[in-house]
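The structure appears right after this line, and notes come after that.
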Amino acid sequence: MRGRFLTLSRVKLELARRRMSATSVPSMADFLTKKTYSPPSWASYLLPIPSHTFSLAHLPTPIHKWNLPGLPNGTELWIKRDDFTGMELSGNKVRKLEFLMAEAVDQNADTVITIGGIQSNHCRATATASNYLNLNSHLILRTSKLLADEDPGLVGNLLVERLVGANVHLISKEEYSSIGSEALTNALKEKLEKEGKKPYVIPVGGSNSLGTWGYIEAAREIEEQLKSRPDGLKFDDIVVACGSGGTIAGISLGSWLGALKAKVHAFSVCDDPDYFYDFVQGLLDGLQAGVNSRDIVSIHNAKGNGYAMNTSDELKFVKEVASSTGVILDPVYSGKAAYGLINEITKDPKNWEGRKILFIHTGGLLGLYDKVDQMASLMGNWCRMDVSESVPRKDGVGKMF
């Protein structure tokens with residue numbers, strides 16, 4: 001009997017070893033290494049296929065149950081923690097940067113240029129990744145006309161960007177609107193080339209066809225995580241925020257082509273859904289995917305007051321989610337997406353009953369620091385500790401380490 005037990009134990013250990021191998025968990029020795037890239041078999045017809053990636057993210061990111069209150073009967077909500085891809089190099093942008101930075105190095109670039117909002121998570125991640133790879137970084141950051149000529153400060157993402165030595169170029173929203181991100185990055189590229197530099201330009205959010213591979217790979221990662229589970233978990237829906245389009249293009253295409261076959265819901269936090277359907281179509285066409293964006297993703301409008309602008313209800317929701325579940329959402333992306341999802345569920349609970357939903361947390365914690373003034377009134381749980389006079393006191397008893 002004992003021998004049979006040992007045999008069964010060995011079988012279980014071997015199955016566990018094979019599951020770990022199947023998920024291709026990278027070791028810490030892989031971090032910051034350049035690797036030859038092989039796409040999932042179901043994506044091998046896409047063109048062009050990247051030749052290499054740089055290992056920048058801590059993967060795979062965990063998936064766990066997320067017990068948000070008020071879900072319909074039988075509805076299960078799960079969350080994929082892409083906010084755990086790193087610390088200063090965190091969030092969904094890192095998956096894109098694994099491909100983009102590899103191309104920058106292949107092209108012998110010594111400088112990386114990118115562009116975004118004043119609290120851009122992508123720009124912060126790009127600055128950090130560039131520094132890891134001994135490349136200079138130049139960030140064009142969009143801000144208000146009143147602040148474009150002033151020191152931008154050290155709040156949130158700006159603190160990390162300036163700590164790692166990024167060169168920050170401020171542009172007003174009005175100039176950005178009239179010139180456009182592509183012309184602005186090209187102008188800076190030409191200037192740096194005249195100075196003898198070899199710049200590589202990454203578009204807003206890292207969202208081009210090459211960056212799209214980051215979330216094609218994420219789809220493969222989710223597939224492998226589900227295969228390793230003994231309970232046969234399968235998701236009916238995937239929910240994610242949409243700010244520049246690359247993430248939803250990749251995860252939607254990966255779900256459509258691969259084994260996931262989940263319906264993808266994107267909640268846009270800036271432009272309207274029609275804009276993103278067209279933009280995502282351009283990314284798909286750039287990969288010769290041969291699919292229509294409207295067939296593979298449903299895009300909902302969740303921009304509210306506008307990009308990086310929050311209503312009091314949105315911020316209250318972020319606070320309530322943190323208090324009830326321990327998951328901290330950022331106010332610009334995942335916070336608006338989760339708020340939009342709950343609104344959709346509230347409007348039509350029958351449509352969501354019994355469904356298994358995966359929410360992808362895209363990071364952005366540092367963006368909360370830009371909202372402290374707006375959120376201050378929500379933080380009331382503090383008081384001066386009242387210590388009774390009957391508690392003995394003696395100088396030097398409490399060691400202050």
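Chain lettering (A, B, ...) mirrors the order of the structure tokens, residue numbering begins at 1 for each chain separately, and ligand numbering begins at 1 in order of display.
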**OP:** For stretch 59-67 of chain A, please output as a list in words all residues within 8 Å (counting only C-alpha atoms; exclusion window: fewer than 5 positions along the same chain).
**Re:**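 Residues meeting the cut-off are Val25, Pro26, Glu76, Leu77, Trp78, Ile79, Lys80, Arg81, Asp82, Phe84, Thr85, Glu221 and Thr325 of chain A.
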Residues of stretch 138-232 of chain A within 9 Å of stretch 118-131 of chain A: nearest atom pair and distance (Å, one decimal) for each, counting only C-alpha atoms, sorted by chain and number, as JSON lines?
```
{"residue": "A:His138", "atom": "CA", "partner": "A:Ala127", "partner_atom": "CA", "distance": 7.7}
{"residue": "A:Leu139", "atom": "CA", "partner": "A:Cys123", "partner_atom": "CA", "distance": 6.5}
{"residue": "A:Ile140", "atom": "CA", "partner": "A:Cys123", "partner_atom": "CA", "distance": 8.5}
{"residue": "A:Leu141", "atom": "CA", "partner": "A:Ile118", "partner_atom": "CA", "distance": 4.9}
{"residue": "A:Arg142", "atom": "CA", "partner": "A:Ile118", "partner_atom": "CA", "distance": 5.3}
{"residue": "A:Thr143", "atom": "CA", "partner": "A:Ile118", "partner_atom": "CA", "distance": 5.6}
{"residue": "A:Pro152", "atom": "CA", "partner": "A:Ile118", "partner_atom": "CA", "distance": 8.2}
{"residue": "A:Val155", "atom": "CA", "partner": "A:Gln119", "partner_atom": "CA", "distance": 8.5}
{"residue": "A:Gly156", "atom": "CA", "partner": "A:Gln119", "partner_atom": "CA", "distance": 7.0}
{"residue": "A:Asn157", "atom": "CA", "partner": "A:Gln119", "partner_atom": "CA", "distance": 5.6}
{"residue": "A:Leu158", "atom": "CA", "partner": "A:Gln119", "partner_atom": "CA", "distance": 6.6}
{"residue": "A:Val160", "atom": "CA", "partner": "A:Arg124", "partner_atom": "CA", "distance": 6.6}
{"residue": "A:Glu161", "atom": "CA", "partner": "A:Arg124", "partner_atom": "CA", "distance": 5.3}
{"residue": "A:Arg162", "atom": "CA", "partner": "A:Ala127", "partner_atom": "CA", "distance": 8.9}
{"residue": "A:Val164", "atom": "CA", "partner": "A:Thr128", "partner_atom": "CA", "distance": 6.5}
{"residue": "A:Gly165", "atom": "CA", "partner": "A:Ala127", "partner_atom": "CA", "distance": 8.0}
{"residue": "A:Ala166", "atom": "CA", "partner": "A:Ala127", "partner_atom": "CA", "distance": 5.9}
{"residue": "A:Asn167", "atom": "CA", "partner": "A:Ala127", "partner_atom": "CA", "distance": 8.9}
{"residue": "A:Leu170", "atom": "CA", "partner": "A:Ile118", "partner_atom": "CA", "distance": 8.3}
{"residue": "A:Ile202", "atom": "CA", "partner": "A:Thr126", "partner_atom": "CA", "distance": 8.8}
{"residue": "A:Val204", "atom": "CA", "partner": "A:His122", "partner_atom": "CA", "distance": 7.9}
{"residue": "A:Gly205", "atom": "CA", "partner": "A:His122", "partner_atom": "CA", "distance": 5.5}
{"residue": "A:Gly206", "atom": "CA", "partner": "A:His122", "partner_atom": "CA", "distance": 7.2}
```
Would you export the selected residues with N, CA and C atoms as a tab-separated table (two decimals), in the first residue's frame, please?
```
chain	number	residue	atom	x	y	z
A	138	HIS	N	13.64	60.53	-23.81
A	138	HIS	CA	13.06	61.86	-23.96
A	138	HIS	C	11.54	61.70	-23.98
A	139	LEU	N	10.87	62.38	-23.06
A	139	LEU	CA	9.42	62.26	-22.91
A	139	LEU	C	8.76	63.59	-23.25
A	140	ILE	N	7.83	63.56	-24.18
A	140	ILE	CA	7.01	64.74	-24.49
A	140	ILE	C	5.71	64.59	-23.70
A	141	LEU	N	5.50	65.47	-22.73
A	141	LEU	CA	4.36	65.34	-21.83
A	141	LEU	C	3.38	66.49	-22.02
A	142	ARG	N	2.13	66.12	-22.20
A	142	ARG	CA	1.04	67.07	-22.46
A	142	ARG	C	0.50	67.60	-21.13
A	143	THR	N	0.39	68.93	-21.04
A	143	THR	CA	-0.13	69.53	-19.83
A	143	THR	C	-0.96	70.76	-20.18
A	152	PRO	N	7.35	70.87	-13.83
A	152	PRO	CA	6.17	70.00	-13.70
A	152	PRO	C	6.00	69.36	-12.33
A	155	VAL	N	5.16	64.79	-8.66
A	155	VAL	CA	4.01	64.00	-8.21
A	155	VAL	C	3.84	62.76	-9.08
A	156	GLY	N	3.60	61.61	-8.44
A	156	GLY	CA	3.26	60.39	-9.15
A	156	GLY	C	4.32	59.93	-10.15
A	157	ASN	N	3.90	59.69	-11.39
A	157	ASN	CA	4.81	59.20	-12.43
A	157	ASN	C	5.96	60.15	-12.70
A	158	LEU	N	5.71	61.44	-12.54
A	158	LEU	CA	6.78	62.42	-12.78
A	158	LEU	C	7.97	62.21	-11.85
A	160	VAL	N	9.14	59.38	-10.64
A	160	VAL	CA	9.95	58.26	-11.13
A	160	VAL	C	10.69	58.65	-12.41
A	161	GLU	N	9.99	59.31	-13.32
A	161	GLU	CA	10.62	59.72	-14.58
A	161	GLU	C	11.83	60.60	-14.35
A	162	ARG	N	11.70	61.54	-13.43
A	162	ARG	CA	12.79	62.47	-13.19
A	162	ARG	C	13.90	61.85	-12.34
A	164	VAL	N	14.88	58.74	-12.67
A	164	VAL	CA	15.70	57.91	-13.57
A	164	VAL	C	16.37	58.72	-14.66
A	165	GLY	N	16.21	60.04	-14.63
A	165	GLY	CA	16.96	60.91	-15.53
A	165	GLY	C	16.34	61.16	-16.89
A	166	ALA	N	15.04	60.95	-17.02
A	166	ALA	CA	14.39	61.21	-18.30
A	166	ALA	C	14.44	62.70	-18.63
A	167	ASN	N	14.58	63.00	-19.90
A	167	ASN	CA	14.51	64.39	-20.38
A	167	ASN	C	13.05	64.72	-20.66
A	170	LEU	N	7.78	69.63	-22.09
A	170	LEU	CA	6.36	69.94	-21.88
A	170	LEU	C	5.75	70.58	-23.11
A	202	ILE	N	8.68	55.69	-29.99
A	202	ILE	CA	7.58	54.82	-29.57
A	202	ILE	C	6.32	55.69	-29.52
A	204	VAL	N	2.26	56.94	-28.80
A	204	VAL	CA	1.43	57.05	-27.60
A	204	VAL	C	1.03	55.67	-27.10
A	205	GLY	N	1.30	55.40	-25.82
A	205	GLY	CA	0.89	54.14	-25.22
A	205	GLY	C	1.61	52.91	-25.75
A	206	GLY	N	2.62	53.09	-26.60
A	206	GLY	CA	3.28	51.94	-27.22
A	206	GLY	C	2.36	51.19	-28.16
```
**OP:** Could you tell me, as a PyMOL selection string, which residues of stretch 15-114 of chain A DSSP assigns to alpha helix (DSSP H) when given the backbone?
**Re:** chain A and resi 15-22+93-106
Subject >> Residues flagged strand (DSSP E or B) by DSSP in stretch 70-207 of chain A, as a PyMOL selection string >> reply: chain A and resi 76-81+111-117+136-143+167-172+199-201
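Within 6 Å of A:Ile216, once only C-alpha atoms are used and residues closer than 3 positions along the same chain are dropped, the contacting residues are Trp213, Ala219, Gly250, Ile251 and Gly254 of chain A.
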Original post:
For A:Phe317, which residue among A:Ala218, A:Ile296, A:Leu284, A:Met375 is the nearest when counting only C-alpha atoms?
Top reply: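 Result for the nearest residue to A:Phe317: A:Met375.
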